[in-house]
Amino acid sequence: MNDKQVKEITSRDKDFAKWYTDVVKKADLVDYSSVKGSMIIRPYGYAIWENMQSILDKKFKETGHENLQMPMFIPESLLQVEKDHVNGFAPEVAWVTHGGENKLEERMCVRPTSETLFCEHFKKIINSYRDLPLLYNQWCTIVRWEKTTRPFLRSREILWQEGHTMHATKEDAVNETLRMLKVYEDFQKNILAIPVFTGKKTDKEKFAGAEATYAIEAMMYDGVALQNATSHYFGQGFAKAFDIKFLNKENKLETPYQTSWGCTTRMIGSLVMVHGDDRGLVLPPRIAPTKVIIIPIGSGEILDNALNEITEDLKDSLITYKIDNSNKTPGFKFAEAEVKGYPIRIEVGKRDLENGFVTIVRRDTLKKEQVPANEAVMKVNELLINIQNDMYERAKARRNSMVYEADTYEQMTNIAKNKPGFIYTNWCGNVDCENKIKDDLGLKSRCIPFENNEPTGNKKCVCCGKEAKTKIYWAKQY
């Protein structure tokens with residue numbers, strides 16, 4: 001990376017798509033390869049994913065889930081067991097037809113998701129109510145043959161996690177579905193500093209084979225929606241298709257209830273698009289692999305002593321850091337640190353040290369502050385909390401400023417054509433209206449919120465004018 005590359009980031013207000021590509025490339029999150037539709041996740045990008053994995057995995061285990069690993073390949077006959085499920089994924093399935101030079105007796109799909117594999121396994125291991133609940137999760141890759149791809153947002157090979165659970169009662173399964181949605185919601189808010197709407201997807205948009213799908217919907221800087229996680233209640237559909245049964249406490253056979261839930265590296269894309277700016281990436285401290293970048297300016301014993309003291313204090317505070325000891329110019333180092341999005345930059349200069357100070361710079365606001373060198377890490381600890389909170393509040397304020405209500409189709413059309421963001425309307429629940437809004441305005445239903453979902457105003461559907469059943473969010477989507 002040279003000075004020209006650091007500076008050449010397209011303005012996000014001028015061309016948001018180009019800006020996004022510039023940032024993920026220049027921040028060294030990804031690179032392209034000869035594998036069309038897939039990406040190389042560079043070490044810095046993968047470090048962010050590792051942090052996501054680590055935090056979420058801990059939360060999953062705290063709620064009683066265990067990790068396992070399922071095969072990558074699914075026989076076609078197994079995929080066909082649940083018809084709604086296979087029909088939902090058919091356009092995106094990648095098939096393996098040969099092993100070496102020999103044609104397979106039965107073609108295999110490269111897993112687009114693992115419900116069928118889990119069900120086959122559950123049938124073997126579930127016998128009694130004492131075996132339930134089964135709370136499993138796996139971290140793996142899946143393949144979906146997307147036509148249009150973009151780093152992190154949509155690719156053909158996806159890093160993700162998928163939870164799969166089985167329960168003795170409907171109540172337990174529904175509670176699990178909503179509990180895991182809450183885990184995702186808390187992660188978005190408290191770790192990624194991303195405000196989200198949570199709620200139920202429409203029947204048209206629910207997961208193939210699910211009775212109900214619940215989603216985490218985030219708004220990007222440009223007002224376009226990104227679905228950051230989903231949680232599905234399957235009821236007994238898959239279990240019946242696979243003939244999974246257990247003996248209850250009365251020694252009678254019953255069919256269990258099932259859930260699944262998941263998130264992907266798409267969340268890295270949302271970090272970029274919610275928080276980034278024209279200088280590059282801006283990472284919330286709680287997810288940043290490196291929280292502090294230290295840039296020495298000059299050399300000498302006074303500089304070495306100060307660096308030793310600061311780094312020891314950072315270690316004691318368990319704050320991750322890097323020292324940029326490269327032979328690049330200070331200006332280049334500052335620009336590179338901004339592209340990478342390190343939450344805090346400490347500039348340690350010989351001249352400032354002679355006066356007892358170092359300079360601390362917040363990445364989110366670029367505000368500079370001189371502080372006594374021996375109080376630098378105390379200040380860093382304070383700023384890390386403030387930056388995390390401030391980034392969430394700014395993102396929430398922007399999100400809220402781009403949510404509009406419409407009572408009539410004319411109002412909805414005018415908003416859709418002139419104002420990016422989410423539109424909140426009354427809806428009758430009819431898929432014909434859902435399809436018309438998509439065809440006319442390019443908007444898709446996002447979710448029916450859990451709260452404040454009763455029809456308001458004229459209580460008529462925004463599209464057809466008939467009696468509304470609920471309130472719902474609409475938006476363009478990535």
# chains A, B, ... in the order shown; residues from 1 in each chain; ligands from 1
call {"tool": "residues_around", "arguments": {"residues": "Phe242 of chain A", "least_positions_apart": "4", "cutoff": "7 Å", "atoms": "only C-alpha atoms", "output": "list in words"}}
result
Cys119, Glu120 and Phe238 of chain A
call {"tool": "write_last_selection", "arguments": {"atoms": "C-alpha atoms", "output": "PDB file, in the first residue's frame"}}
result
ATOM      1  CA  CYS A 119     -32.265 -34.708  10.918  1.00  0.00           C
ATOM      2  CA  GLU A 120     -30.670 -37.918   9.668  1.00  0.00           C
ATOM      3  CA  PHE A 238     -38.633 -31.906   9.269  1.00  0.00           C
TER       4      PHE A 238
END
call {"tool": "residues_around", "arguments": {"residues": "segment 311-314 of chain A", "least_positions_apart": "3", "cutoff": "10 Å", "atoms": "only C-alpha atoms", "output": "list in words"}}
result
Val292, Ile294, Ala306, Leu307, Asn308, Ser317, Leu318, Ile319, Thr320, Tyr321, Lys322, Ile323, Asn374, Glu375, Ala376, Val377, Met378, Val380 and Asn381 of chain A
call {"tool": "write_last_selection", "arguments": {"atoms": "N, CA and C atoms", "output": "PDB file, in the first residue's frame"}}
result
ATOM      1  N   VAL A 292      -5.536  -0.560  19.646  1.00  0.00           N
ATOM      2  CA  VAL A 292      -4.646   0.614  19.691  1.00  0.00           C
ATOM      3  C   VAL A 292      -3.489   0.418  18.726  1.00  0.00           C
ATOM      4  N   ILE A 294       0.108   2.162  17.881  1.00  0.00           N
ATOM      5  CA  ILE A 294       1.086   3.112  18.426  1.00  0.00           C
ATOM      6  C   ILE A 294       2.050   3.505  17.322  1.00  0.00           C
ATOM      7  N   ALA A 306       9.237   5.369  26.992  1.00  0.00           N
ATOM      8  CA  ALA A 306       7.797   5.663  26.955  1.00  0.00           C
ATOM      9  C   ALA A 306       7.021   4.511  26.310  1.00  0.00           C
ATOM     10  N   LEU A 307       7.576   3.973  25.218  1.00  0.00           N
ATOM     11  CA  LEU A 307       6.911   2.856  24.543  1.00  0.00           C
ATOM     12  C   LEU A 307       6.819   1.644  25.460  1.00  0.00           C
ATOM     13  N   ASN A 308       7.878   1.360  26.203  1.00  0.00           N
ATOM     14  CA  ASN A 308       7.874   0.223  27.129  1.00  0.00           C
ATOM     15  C   ASN A 308       6.805   0.391  28.213  1.00  0.00           C
ATOM     16  N   SER A 317      -3.876  -4.070  31.020  1.00  0.00           N
ATOM     17  CA  SER A 317      -5.299  -3.777  30.818  1.00  0.00           C
ATOM     18  C   SER A 317      -5.949  -4.699  29.800  1.00  0.00           C
ATOM     19  N   LEU A 318      -5.167  -5.667  29.281  1.00  0.00           N
ATOM     20  CA  LEU A 318      -5.657  -6.632  28.280  1.00  0.00           C
ATOM     21  C   LEU A 318      -6.188  -5.933  27.029  1.00  0.00           C
ATOM     22  N   ILE A 319      -5.490  -4.877  26.635  1.00  0.00           N
ATOM     23  CA  ILE A 319      -5.859  -4.123  25.432  1.00  0.00           C
ATOM     24  C   ILE A 319      -4.909  -4.501  24.308  1.00  0.00           C
ATOM     25  N   THR A 320      -5.452  -5.001  23.207  1.00  0.00           N
ATOM     26  CA  THR A 320      -4.605  -5.403  22.079  1.00  0.00           C
ATOM     27  C   THR A 320      -4.033  -4.169  21.381  1.00  0.00           C
ATOM     28  N   TYR A 321      -2.779  -4.290  20.919  1.00  0.00           N
ATOM     29  CA  TYR A 321      -2.117  -3.132  20.311  1.00  0.00           C
ATOM     30  C   TYR A 321      -1.089  -3.598  19.284  1.00  0.00           C
ATOM     31  N   LYS A 322      -0.678  -2.668  18.454  1.00  0.00           N
ATOM     32  CA  LYS A 322       0.435  -2.857  17.532  1.00  0.00           C
ATOM     33  C   LYS A 322       1.284  -1.601  17.542  1.00  0.00           C
ATOM     34  N   ILE A 323       2.580  -1.788  17.288  1.00  0.00           N
ATOM     35  CA  ILE A 323       3.491  -0.645  17.125  1.00  0.00           C
ATOM     36  C   ILE A 323       3.922  -0.607  15.673  1.00  0.00           C
ATOM     37  N   ASN A 374       2.171   9.253  31.251  1.00  0.00           N
ATOM     38  CA  ASN A 374       1.926   8.239  32.282  1.00  0.00           C
ATOM     39  C   ASN A 374       0.437   7.997  32.531  1.00  0.00           C
ATOM     40  N   GLU A 375      -0.412   8.786  31.880  1.00  0.00           N
ATOM     41  CA  GLU A 375      -1.860   8.594  31.999  1.00  0.00           C
ATOM     42  C   GLU A 375      -2.482   8.117  30.684  1.00  0.00           C
ATOM     43  N   ALA A 376      -1.636   7.773  29.712  1.00  0.00           N
ATOM     44  CA  ALA A 376      -2.124   7.440  28.372  1.00  0.00           C
ATOM     45  C   ALA A 376      -3.090   6.256  28.382  1.00  0.00           C
ATOM     46  N   VAL A 377      -2.719   5.190  29.075  1.00  0.00           N
ATOM     47  CA  VAL A 377      -3.553   3.989  29.038  1.00  0.00           C
ATOM     48  C   VAL A 377      -4.831   4.173  29.853  1.00  0.00           C
ATOM     49  N   MET A 378      -4.763   4.969  30.892  1.00  0.00           N
ATOM     50  CA  MET A 378      -5.983   5.313  31.631  1.00  0.00           C
ATOM     51  C   MET A 378      -6.973   6.009  30.700  1.00  0.00           C
ATOM     52  N   VAL A 380      -6.968   5.760  27.410  1.00  0.00           N
ATOM     53  CA  VAL A 380      -7.382   4.786  26.396  1.00  0.00           C
ATOM     54  C   VAL A 380      -8.559   3.957  26.907  1.00  0.00           C
ATOM     55  N   ASN A 381      -8.474   3.497  28.148  1.00  0.00           N
ATOM     56  CA  ASN A 381      -9.568   2.712  28.727  1.00  0.00           C
ATOM     57  C   ASN A 381     -10.879   3.497  28.733  1.00  0.00           C
TER      58      ASN A 381
END
call {"tool": "closest_residue", "arguments": {"among": "A:Phe197, A:Lys471, A:Val81, A:Val174", "to": "Gly237 of chain A", "atoms": "only C-alpha atoms"}}
result
A:Val81
call {"tool": "residues_around", "arguments": {"residues": "Asp440 of chain A", "least_positions_apart": "5", "cutoff": "10 Å", "atoms": "only C-alpha atoms", "output": "list in words"}}
result
Thr413, Ala416 and Asn435 of chain A
call {"tool": "closest_residue", "arguments": {"among": "A:Pro455, A:Gly199, A:Gly45, A:Pro91", "to": "Val272 of chain A", "atoms": "only C-alpha atoms"}}
result
A:Gly45
call {"tool": "closest_atom_pairs", "arguments": {"of": "segment 8-28 of chain A", "to": "segment 221-234 of chain A", "cutoff": "10 Å", "atoms": "only C-alpha atoms", "output": "JSON lines"}}
result
{"residue": "A:Arg12", "atom": "CA", "partner": "A:Asp222", "partner_atom": "CA", "distance": 8.4}
{"residue": "A:Asp13", "atom": "CA", "partner": "A:Asp222", "partner_atom": "CA", "distance": 8.2}
{"residue": "A:Asp15", "atom": "CA", "partner": "A:Asp222", "partner_atom": "CA", "distance": 10.0}
{"residue": "A:Phe16", "atom": "CA", "partner": "A:Asp222", "partner_atom": "CA", "distance": 7.2}
{"residue": "A:Ala17", "atom": "CA", "partner": "A:Asp222", "partner_atom": "CA", "distance": 9.6}
call {"tool": "residues_around", "arguments": {"residues": "Met220 of chain A", "least_positions_apart": "3", "cutoff": "10 Å", "atoms": "only C-alpha atoms", "output": "list in words"}}
result
Ile194, Glu217, Gly223, Val224, Ala225, Leu226, Gly269, Ser270, Leu271, Val272, Met273, Val274, His275, Ala395, Arg398, Arg399, Gly421, Gln477 and Tyr478 of chain A
call {"tool": "residues_around", "arguments": {"residues": "segment 252-254 of chain A", "least_positions_apart": "3", "cutoff": "10 Å", "atoms": "only C-alpha atoms", "output": "tab-separated table (two decimals) with C-alpha atoms, in the first residue's frame"}}
result
chain	number	residue	atom	x	y	z
A	127	ASN	CA	-34.98	-42.22	21.61
A	128	SER	CA	-36.39	-40.83	24.84
A	129	TYR	CA	-37.53	-37.53	26.33
A	168	ALA	CA	-39.87	-32.22	23.48
A	169	THR	CA	-42.51	-29.47	23.32
A	244	ILE	CA	-37.97	-38.80	14.16
A	245	LYS	CA	-39.76	-39.92	17.32
A	246	PHE	CA	-39.12	-40.20	21.05
A	247	LEU	CA	-40.76	-41.92	24.00
A	248	ASN	CA	-42.38	-39.40	26.35
A	249	LYS	CA	-42.75	-39.73	30.12
A	257	TYR	CA	-40.00	-29.90	17.63
call {"tool": "closest_residue", "arguments": {"among": "A:Glu338, A:Glu176, A:Glu309, A:Glu451", "to": "Asp364 of chain A", "atoms": "only C-alpha atoms"}}
result
A:Glu338
call {"tool": "select_by_dssp", "arguments": {"residues": "segment 166-247 of chain A", "states": "alpha helix (DSSP H)", "output": "list in words"}}
result
Lys170, Glu171, Asp172, Ala173, Val174, Asn175, Glu176, Thr177, Leu178, Arg179, Met180, Leu181, Lys182, Val183, Tyr184, Glu185, Asp186, Phe187, Gln188, Lys189, Asn190, Gly237, Phe238, Ala239, Lys240 and Ala241 of chain A
call {"tool": "closest_residue", "arguments": {"among": "A:Ile302, A:Leu181, A:Ile287, A:Cys428", "to": "Ser54 of chain A", "atoms": "only C-alpha atoms"}}
result
A:Ile287
call {"tool": "residues_around", "arguments": {"residues": "His65 of chain A", "least_positions_apart": "5", "cutoff": "8 Å", "atoms": "only C-alpha atoms", "output": "JSON, numbers by chain"}}
result
{"A": [60, 135, 136, 137]}
call {"tool": "atom_distance", "arguments": {"atom1": "atom CA of Glu8 of chain A", "atom2": "atom CA of Thr359 of chain A"}}
result
26.2 Å
call {"tool": "closest_residue", "arguments": {"among": "A:Lys438, A:Lys200, A:Arg362, A:Arg351", "to": "Thr470 of chain A", "atoms": "only C-alpha atoms"}}
result
A:Lys200
call {"tool": "closest_residue", "arguments": {"among": "A:Asp172, A:Asp57, A:Glu405, A:Glu92", "to": "Gln258 of chain A", "atoms": "only C-alpha atoms"}}
result
A:Asp172
call {"tool": "select_by_dssp", "arguments": {"residues": "segment 130-375 of chain A", "states": "strand (DSSP E or B)", "output": "VMD selection string"}}
result
chain A and resid 134 to 143 150 154 157 to 167 196 to 200 212 to 219 225 to 235 246 to 247 253 to 254 257 to 264 277 280 292 to 297 321 to 323 344 to 349 357 to 362 368 to 372
call {"tool": "decode", "arguments": {"residues": "segment 271-326 of chain A", "atoms": "C-alpha atoms", "output": "mmCIF file, in the first residue's frame"}}
result
data_model
loop_
_atom_site.group_PDB
_atom_site.id
_atom_site.type_symbol
_atom_site.label_atom_id
_atom_site.label_comp_id
_atom_site.auth_asym_id
_atom_site.auth_seq_id
_atom_site.Cartn_x
_atom_site.Cartn_y
_atom_site.Cartn_z
ATOM 1 C CA LEU A 271 -19.535 -3.241 10.033
ATOM 2 C CA VAL A 272 -17.969 -1.582 7.005
ATOM 3 C CA MET A 273 -21.218 -0.132 5.653
ATOM 4 C CA VAL A 274 -22.646 1.126 8.954
ATOM 5 C CA HIS A 275 -19.524 2.671 10.493
ATOM 6 C CA GLY A 276 -16.957 3.294 7.721
ATOM 7 C CA ASP A 277 -16.170 6.736 6.320
ATOM 8 C CA ASP A 278 -14.237 8.282 3.434
ATOM 9 C CA ARG A 279 -10.927 7.537 5.170
ATOM 10 C CA GLY A 280 -11.688 3.829 5.439
ATOM 11 C CA LEU A 281 -12.776 1.333 8.066
ATOM 12 C CA VAL A 282 -14.021 2.382 11.518
ATOM 13 C CA LEU A 283 -14.216 -0.521 13.961
ATOM 14 C CA PRO A 284 -16.107 -0.573 17.273
ATOM 15 C CA PRO A 285 -13.566 -1.344 20.029
ATOM 16 C CA ARG A 286 -15.268 -4.527 21.221
ATOM 17 C CA ILE A 287 -14.855 -6.263 17.857
ATOM 18 C CA ALA A 288 -11.553 -4.679 16.722
ATOM 19 C CA PRO A 289 -8.671 -7.218 16.627
ATOM 20 C CA THR A 290 -6.237 -4.373 17.355
ATOM 21 C CA LYS A 291 -7.682 -1.692 19.604
ATOM 22 C CA VAL A 292 -4.646 0.614 19.691
ATOM 23 C CA ILE A 293 -2.043 1.449 17.057
ATOM 24 C CA ILE A 294 1.086 3.112 18.426
ATOM 25 C CA ILE A 295 3.094 5.293 16.056
ATOM 26 C CA PRO A 296 6.557 6.338 17.265
ATOM 27 C CA ILE A 297 7.864 9.610 15.809
ATOM 28 C CA GLY A 298 11.626 9.911 16.079
ATOM 29 C CA SER A 299 13.966 7.750 18.155
ATOM 30 C CA GLY A 300 16.028 7.729 21.292
ATOM 31 C CA GLU A 301 16.025 6.511 24.864
ATOM 32 C CA ILE A 302 13.142 8.730 25.987
ATOM 33 C CA LEU A 303 11.005 7.257 23.193
ATOM 34 C CA ASP A 304 11.977 3.667 24.003
ATOM 35 C CA ASN A 305 11.197 4.146 27.689
ATOM 36 C CA ALA A 306 7.797 5.663 26.955
ATOM 37 C CA LEU A 307 6.911 2.856 24.543
ATOM 38 C CA ASN A 308 7.874 0.223 27.129
ATOM 39 C CA GLU A 309 5.728 1.849 29.809
ATOM 40 C CA ILE A 310 2.704 2.301 27.533
ATOM 41 C CA THR A 311 2.819 -1.234 26.131
ATOM 42 C CA GLU A 312 3.211 -2.766 29.598
ATOM 43 C CA ASP A 313 0.173 -0.805 30.790
ATOM 44 C CA LEU A 314 -1.789 -1.911 27.712
ATOM 45 C CA LYS A 315 -0.881 -5.544 28.404
ATOM 46 C CA ASP A 316 -1.976 -5.191 32.036
ATOM 47 C CA SER A 317 -5.299 -3.777 30.818
ATOM 48 C CA LEU A 318 -5.657 -6.632 28.280
ATOM 49 C CA ILE A 319 -5.859 -4.123 25.432
ATOM 50 C CA THR A 320 -4.605 -5.403 22.079
ATOM 51 C CA TYR A 321 -2.117 -3.132 20.311
ATOM 52 C CA LYS A 322 0.435 -2.857 17.532
ATOM 53 C CA ILE A 323 3.491 -0.645 17.125
ATOM 54 C CA ASP A 324 4.162 0.674 13.635
ATOM 55 C CA ASN A 325 7.969 0.613 13.481
ATOM 56 C CA SER A 326 8.073 0.707 9.683
#
